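A.B. asks: Just one file: input.tsv, with TSV, C-alpha atoms.
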chain	number	residue	atom	x	y	z
A	1	MET	CA	-11.63	34.52	-29.74
A	2	ALA	CA	-11.26	32.89	-26.35
A	3	THR	CA	-8.72	34.50	-24.05
A	4	GLU	CA	-5.96	32.30	-22.66
A	5	SER	CA	-7.38	32.52	-19.15
A	6	ALA	CA	-10.69	31.14	-20.43
A	7	LEU	CA	-9.10	28.09	-22.09
A	8	THR	CA	-9.26	24.79	-20.26
A	9	ARG	CA	-5.99	23.13	-19.32
A	10	THR	CA	-5.83	20.24	-21.76
A	11	MET	CA	-3.68	17.18	-22.29
A	12	VAL	CA	-3.32	15.79	-25.78
A	13	VAL	CA	-2.16	12.21	-26.25
A	14	TRP	CA	-0.52	11.73	-29.63
A	15	CYS	CA	0.62	8.41	-31.07
A	16	PRO	CA	2.95	9.33	-33.95
A	17	ASP	CA	2.42	7.81	-37.39
A	18	TRP	CA	-0.80	6.13	-36.30
A	19	PRO	CA	-2.07	5.37	-39.84
A	20	VAL	CA	1.18	3.45	-40.37
A	21	VAL	CA	0.74	1.60	-37.08
A	22	ALA	CA	-2.83	0.64	-37.94
A	23	ALA	CA	-2.05	-0.43	-41.50
A	24	ALA	CA	1.05	-2.37	-40.45
A	25	GLY	CA	-1.06	-4.24	-37.91
A	26	GLU	CA	-2.95	-5.81	-40.81
A	27	THR	CA	0.16	-7.26	-42.48
A	28	GLU	CA	3.74	-8.33	-41.82
A	29	VAL	CA	6.18	-5.52	-42.59
A	30	GLY	CA	8.98	-6.25	-40.13
A	31	ASP	CA	11.52	-3.44	-39.97
A	32	LYS	CA	10.97	-2.20	-43.51
A	33	PRO	CA	10.08	1.45	-44.18
A	34	VAL	CA	6.35	1.93	-44.72
A	35	ALA	CA	4.19	4.46	-46.51
A	36	VAL	CA	0.41	4.58	-46.31
A	37	ILE	CA	-1.06	5.77	-49.61
A	38	ASP	CA	-4.32	7.63	-50.18
A	39	LYS	CA	-5.42	8.83	-53.63
A	40	GLY	CA	-1.99	8.17	-55.10
A	41	GLN	CA	-0.12	10.21	-52.49
A	42	VAL	CA	1.72	9.48	-49.25
A	43	PHE	CA	-0.77	10.01	-46.45
A	44	ALA	CA	1.61	8.92	-43.67
A	45	CYS	CA	4.99	7.21	-43.43
A	46	SER	CA	7.21	5.58	-40.87
A	47	ALA	CA	10.29	7.20	-39.33
A	48	SER	CA	12.55	4.88	-41.31
A	49	ALA	CA	10.84	5.96	-44.53
A	50	ARG	CA	11.35	9.63	-43.65
A	51	LEU	CA	15.06	8.94	-43.20
A	52	GLU	CA	15.09	7.85	-46.84
A	53	GLY	CA	13.42	11.08	-47.97
A	54	VAL	CA	9.79	9.97	-48.08
A	55	ARG	CA	7.38	12.75	-47.14
A	56	ARG	CA	3.65	13.23	-46.76
A	57	GLY	CA	2.06	14.45	-49.98
A	58	GLN	CA	4.57	12.82	-52.34
A	59	ARG	CA	3.29	10.82	-55.28
A	60	THR	CA	3.70	7.08	-54.80
A	61	ARG	CA	6.32	6.72	-57.55
A	62	GLU	CA	8.41	9.55	-56.15
A	63	ALA	CA	8.35	7.97	-52.70
A	64	GLN	CA	9.35	4.59	-54.13
A	65	SER	CA	12.19	6.17	-56.12
A	66	ARG	CA	13.58	7.68	-52.96
A	67	CYS	CA	13.16	4.46	-51.00
A	68	PRO	CA	13.29	1.29	-53.16
A	69	ASP	CA	12.53	-0.97	-50.16
A	70	LEU	CA	9.40	1.00	-49.30
A	71	VAL	CA	6.38	-1.08	-48.31
A	72	VAL	CA	3.28	0.59	-49.74
A	73	LEU	CA	0.00	0.06	-47.90
A	74	ALA	CA	-3.44	1.45	-48.70
A	75	TYR	CA	-5.00	3.91	-46.27
A	76	ASP	CA	-8.21	2.59	-44.75
A	77	PRO	CA	-9.91	5.07	-42.39
A	78	LEU	CA	-12.01	2.31	-40.80
A	79	ILE	CA	-8.96	0.22	-39.94
A	80	THR	CA	-7.16	3.30	-38.66
A	81	ALA	CA	-10.08	4.24	-36.39
A	82	ARG	CA	-10.75	0.70	-35.20
A	83	ALA	CA	-7.12	0.18	-34.22
A	84	PHE	CA	-7.26	3.26	-31.98
A	85	GLU	CA	-10.30	2.11	-30.01
A	86	PRO	CA	-8.26	0.12	-27.41
A	87	VAL	CA	-6.18	3.25	-26.75
A	88	LEU	CA	-9.27	5.36	-26.14
A	89	SER	CA	-10.78	2.68	-23.90
A	90	ALA	CA	-7.60	2.40	-21.82
A	91	ILE	CA	-7.47	6.16	-21.26
A	92	GLU	CA	-11.21	6.40	-20.60
A	93	ALA	CA	-10.84	3.74	-17.89
A	94	ILE	CA	-8.73	6.08	-15.77
A	95	VAL	CA	-9.73	9.51	-17.13
A	96	PRO	CA	-13.40	9.87	-18.15
A	97	GLY	CA	-14.34	12.32	-20.87
A	98	VAL	CA	-11.69	11.63	-23.49
A	99	GLU	CA	-12.31	13.48	-26.78
A	100	LEU	CA	-11.16	11.93	-30.05
A	101	ILE	CA	-9.44	14.50	-32.28
A	102	ARG	CA	-8.54	11.97	-34.97
A	103	PRO	CA	-7.35	8.36	-34.81
A	104	GLY	CA	-3.98	8.53	-33.12
A	105	THR	CA	-4.74	11.76	-31.25
A	106	CYS	CA	-7.11	12.50	-28.37
A	107	ALA	CA	-7.59	15.15	-25.71
A	108	LEU	CA	-8.70	15.29	-22.08
A	109	ARG	CA	-9.04	17.91	-19.41
A	110	THR	CA	-6.20	17.85	-16.92
A	111	ARG	CA	-7.82	19.37	-13.84
A	112	GLY	CA	-9.18	16.15	-12.37
A	113	PRO	CA	-6.32	13.81	-13.37
A	114	SER	CA	-3.61	16.23	-12.21
A	115	ARG	CA	-5.24	16.52	-8.81
A	116	TYR	CA	-5.73	12.78	-8.51
A	117	PHE	CA	-2.25	11.75	-9.65
A	118	GLY	CA	-0.43	14.72	-8.14
A	119	SER	CA	0.51	16.85	-11.15
A	120	GLU	CA	-0.03	17.18	-14.89
A	121	ARG	CA	3.24	15.37	-15.56
A	122	GLN	CA	2.36	12.51	-13.23
A	123	ALA	CA	-1.03	12.19	-14.91
A	124	ALA	CA	0.68	11.92	-18.31
A	125	GLU	CA	3.09	9.32	-16.96
A	126	GLU	CA	0.21	7.25	-15.58
A	127	VAL	CA	-1.62	7.32	-18.91
A	128	SER	CA	1.62	6.33	-20.64
A	129	ARG	CA	2.09	3.44	-18.24
A	130	ARG	CA	-1.40	2.14	-18.97
A	131	LEU	CA	-0.88	2.39	-22.72
A	132	ARG	CA	2.42	0.52	-22.58
A	133	GLY	CA	0.48	-2.41	-21.18
A	134	LEU	CA	-1.74	-2.67	-24.25
A	135	ASP	CA	-1.18	-5.32	-26.90
A	136	LEU	CA	-0.95	-2.92	-29.82
A	137	PRO	CA	0.28	-3.70	-33.34
A	138	ASP	CA	4.00	-3.09	-33.87
A	139	HIS	CA	4.38	-1.43	-30.48
A	140	ARG	CA	7.74	0.09	-31.45
A	141	LEU	CA	5.79	2.71	-33.39
A	142	THR	CA	3.18	3.54	-30.80
A	143	THR	CA	5.14	5.25	-28.02
A	144	PRO	CA	2.67	7.94	-26.94
A	145	ARG	CA	3.66	11.59	-26.68
A	146	PHE	CA	1.94	14.09	-24.39
A	147	GLY	CA	1.38	17.82	-24.56
A	148	VAL	CA	-0.26	19.93	-21.87
A	149	ALA	CA	-1.25	23.54	-22.47
A	150	ASP	CA	-4.14	26.01	-22.42
A	151	GLY	CA	-6.63	24.53	-24.88
A	152	PRO	CA	-6.45	21.57	-27.28
A	153	PHE	CA	-4.69	23.32	-30.16
A	154	ALA	CA	-1.72	24.44	-28.05
A	155	ALA	CA	-1.67	21.07	-26.29
A	156	GLU	CA	-1.44	19.21	-29.59
A	157	GLN	CA	1.41	21.43	-30.76
A	158	ALA	CA	3.14	20.76	-27.43
A	159	ALA	CA	2.75	17.02	-27.98
A	160	ARG	CA	4.24	17.34	-31.45
A	161	ALA	CA	7.19	19.25	-29.98
A	162	THR	CA	8.20	16.27	-27.85
A	163	ARG	CA	11.12	13.92	-28.48
A	164	PRO	CA	11.34	10.13	-27.97
A	165	ASP	CA	13.59	10.68	-24.95
A	166	GLU	CA	11.33	13.44	-23.56
A	167	PRO	CA	7.75	12.38	-24.38
A	168	VAL	CA	5.98	15.03	-22.26
A	169	THR	CA	5.93	18.76	-22.98
A	170	ILE	CA	4.10	20.99	-20.51
A	171	VAL	CA	3.47	24.62	-21.39
A	172	THR	CA	3.07	26.67	-18.23
A	173	GLU	CA	-0.42	28.05	-17.70
A	174	GLY	CA	-0.78	31.43	-19.35
A	175	GLN	CA	2.23	30.90	-21.66
A	176	SER	CA	0.56	29.11	-24.57
A	177	SER	CA	0.45	32.21	-26.80
A	178	ARG	CA	4.17	32.70	-26.36
A	179	PHE	CA	4.80	29.01	-27.05
A	180	LEU	CA	2.72	29.10	-30.23
A	181	SER	CA	3.93	32.43	-31.59
A	182	GLY	CA	7.07	31.12	-33.25
A	183	LEU	CA	5.47	28.11	-34.93
A	184	PRO	CA	4.97	28.19	-38.72
A	185	VAL	CA	1.50	28.89	-40.07
A	186	SER	CA	1.55	25.43	-41.66
A	187	VAL	CA	0.55	23.94	-38.29
A	188	LEU	CA	-2.93	25.40	-38.88
A	189	GLU	CA	-3.37	22.55	-41.41
A	190	GLN	CA	-5.02	24.97	-43.83
A	191	PRO	CA	-2.68	24.74	-46.85
A	192	ASP	CA	-4.40	27.43	-48.94
A	193	LEU	CA	-4.53	29.88	-46.04
A	194	ALA	CA	-0.97	29.08	-44.97
A	195	GLY	CA	0.27	29.58	-48.52
A	196	LEU	CA	-1.42	32.97	-48.79
A	197	LEU	CA	-0.13	34.08	-45.39
A	198	THR	CA	3.40	33.04	-46.31
A	199	ARG	CA	3.27	34.95	-49.59
A	200	LEU	CA	2.24	38.02	-47.58
A	201	GLY	CA	5.24	37.57	-45.30
A	202	LEU	CA	3.19	36.27	-42.36
A	203	THR	CA	5.15	33.10	-41.71
A	204	THR	CA	4.48	32.41	-38.02
A	205	LEU	CA	1.40	32.11	-35.83
A	206	GLY	CA	2.60	35.19	-33.98
A	207	ASP	CA	2.58	37.18	-37.22
A	208	PHE	CA	-0.94	36.01	-37.98
A	209	ALA	CA	-2.20	36.64	-34.45
A	210	SER	CA	-0.91	40.22	-34.55
A	211	LEU	CA	-3.50	41.13	-37.18
A	212	SER	CA	-6.80	42.57	-36.05
A	213	SER	CA	-9.86	40.32	-36.19
A	214	THR	CA	-11.61	42.79	-38.51
A	215	ASP	CA	-8.73	42.79	-41.00
A	216	VAL	CA	-8.52	38.99	-40.93
A	217	LEU	CA	-12.23	38.55	-41.62
A	218	SER	CA	-12.24	41.03	-44.48
A	219	ARG	CA	-9.06	39.68	-46.08
A	220	PHE	CA	-9.24	35.94	-45.41
A	221	GLY	CA	-12.94	35.31	-44.84
A	222	PRO	CA	-14.61	32.99	-42.29
A	223	VAL	CA	-11.95	30.26	-42.63
A	224	GLY	CA	-9.21	32.75	-41.82
A	225	ALA	CA	-11.23	34.26	-38.99
A	226	HIS	CA	-11.75	30.83	-37.44
A	227	ALA	CA	-8.05	30.02	-37.68
A	228	HIS	CA	-7.19	33.43	-36.22
Would you put the structure from the file into structure tokens?

C.D. replies:
Amino acid sequence: MATESALTRTMVVWCPDWPVVAAAGETEVGDKPVAVIDKGQVFACSASARLEGVRRGQRTREAQSRCPDLVVLAYDPLITARAFEPVLSAIEAIVPGVELIRPGTCALRTRGPSRYFGSERQAAEEVSRRLRGLDLPDHRLTTPRFGVADGPFAAEQAARATRPDEPVTIVTEGQSSRFLSGLPVSVLEQPDLAGLLTRLGLTTLGDFASLSSTDVLSRFGPVGAHAH
């Protein structure tokens, strides 16, 4: 496993609810709550839908029962990816070497941009300024959030820890392990592994990280070892 000192300082740009943004750009939904459905379940939903109790993973009927005004849209991965291309192009124009994590989320190394713009925070603010100038669908939903940390995983968790009024979270170099340690194992996005860890009383990333690599491999296999 890479040590923290060996991890590259990384900025993750995260546009919340991007599948909703992309799907809503193909139709007129106004201010109504929206859920994007894949295989009969909620794949993503808008903030207004979450206020009504809609959650990712719910069956469509359950989501509609919680929110009668819910606009249901089909998830289309091609539309979702295509809608994100202008965002990638805008970032690439000022910071070469952008890596797509998934539509709505991308990563870039901060060393060059932070030197050029003056700091990691100023680099994030410049990227945000460029993105605000784009003609994106339903721009109210596309306010970008930024996380900076040691490595892309910690940087993405930092981005997800932001708030609308504080869209940039910077984890001091060398402090990413401490930042991550209290997060739930669900952020690994490995539901089976997270469920098993939770049943064993290992509810946080810090709990999981405290195990030895040998024990993890023997108990949880290659998937667990990779996550560890």

A.B. asks: To one decimal place in Å, what is the distance between atom CA of A:Arg82 and atom CA of A:Pro164?

C.D. replies: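 Result for atom CA of A:Arg82 versus atom CA of A:Pro164: 25.1 Å, one decimal.
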
A.B. asks: Env of stretch 103-112 of chain A: 9 Å cut, atoms = all atoms listed in the file, seq-sep filter 3 positions within chain, self excluded. Answer as a PyMOL selection string.

C.D. replies: chain A and resi 8-19+77+80-85+87-88+95-100+115-117+119-120+123+148+151-152+155-156

A.B. asks: Quick one: distance from atom CA of A:His226 to atom CA of A:Thr204 in Å, one decimal?

C.D. replies: 16.3 Å

A.B. asks: Using all atoms listed in the file, find the one residue out of A:Glu126, A:Glu92, A:Asp38, A:Asp76 that sits nearest to A:Ala23.

C.D. replies: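 Checking each of A:Glu126, A:Glu92, A:Asp38, A:Asp76 against A:Ala23, counting all atoms listed in the file, the winner is A:Asp76.
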
A.B. asks: Determine the nearest neighbour of A:Leu183 from the options A:Ser114, A:Thr27, A:Ser210, A:Gln157, counting all atoms listed in the file.

C.D. replies: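 Closest to A:Leu183, using all atoms listed in the file: A:Gln157.
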
A.B. asks: Kindly give the distance, in Å, that separates atom CA of A:Arg121 and atom CA of A:Val21, rounded to a single decimal.

C.D. replies: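 So the two atoms, atom CA of A:Arg121 and atom CA of A:Val21, lie 25.7 Å apart.
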
A.B. asks: Identify the residues within 9 Å of coordinate (6.6, 17.9, -26.2) (same frame as the file), considering all atoms listed in the file, and give the answer as a list in words.

C.D. replies: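 Applying the cut-off with all atoms listed in the file, one gets Arg145, Phe146, Gly147, Val148, Ala155, Glu156, Gln157, Ala158, Ala159, Arg160, Ala161, Thr162, Arg163, Glu166, Pro167, Val168, Thr169, Ile170 and Val171 of chain A.
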
A.B. asks: Given the choices A:Leu217, A:Val54, A:Ala90, A:Ala154, which gets closest to A:Ser177 if the distance is worked out from all atoms listed in the file?

C.D. replies: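 Using all atoms listed in the file, the shortest distance to A:Ser177 belongs to A:Ala154.
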
A.B. asks: Using all atoms listed in the file, which residue out of A:Ala227, A:Pro86, A:Ile101, A:Thr172 lies closest to A:Leu197?

C.D. replies: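 Selected residue with least distance to A:Leu197: A:Ala227.
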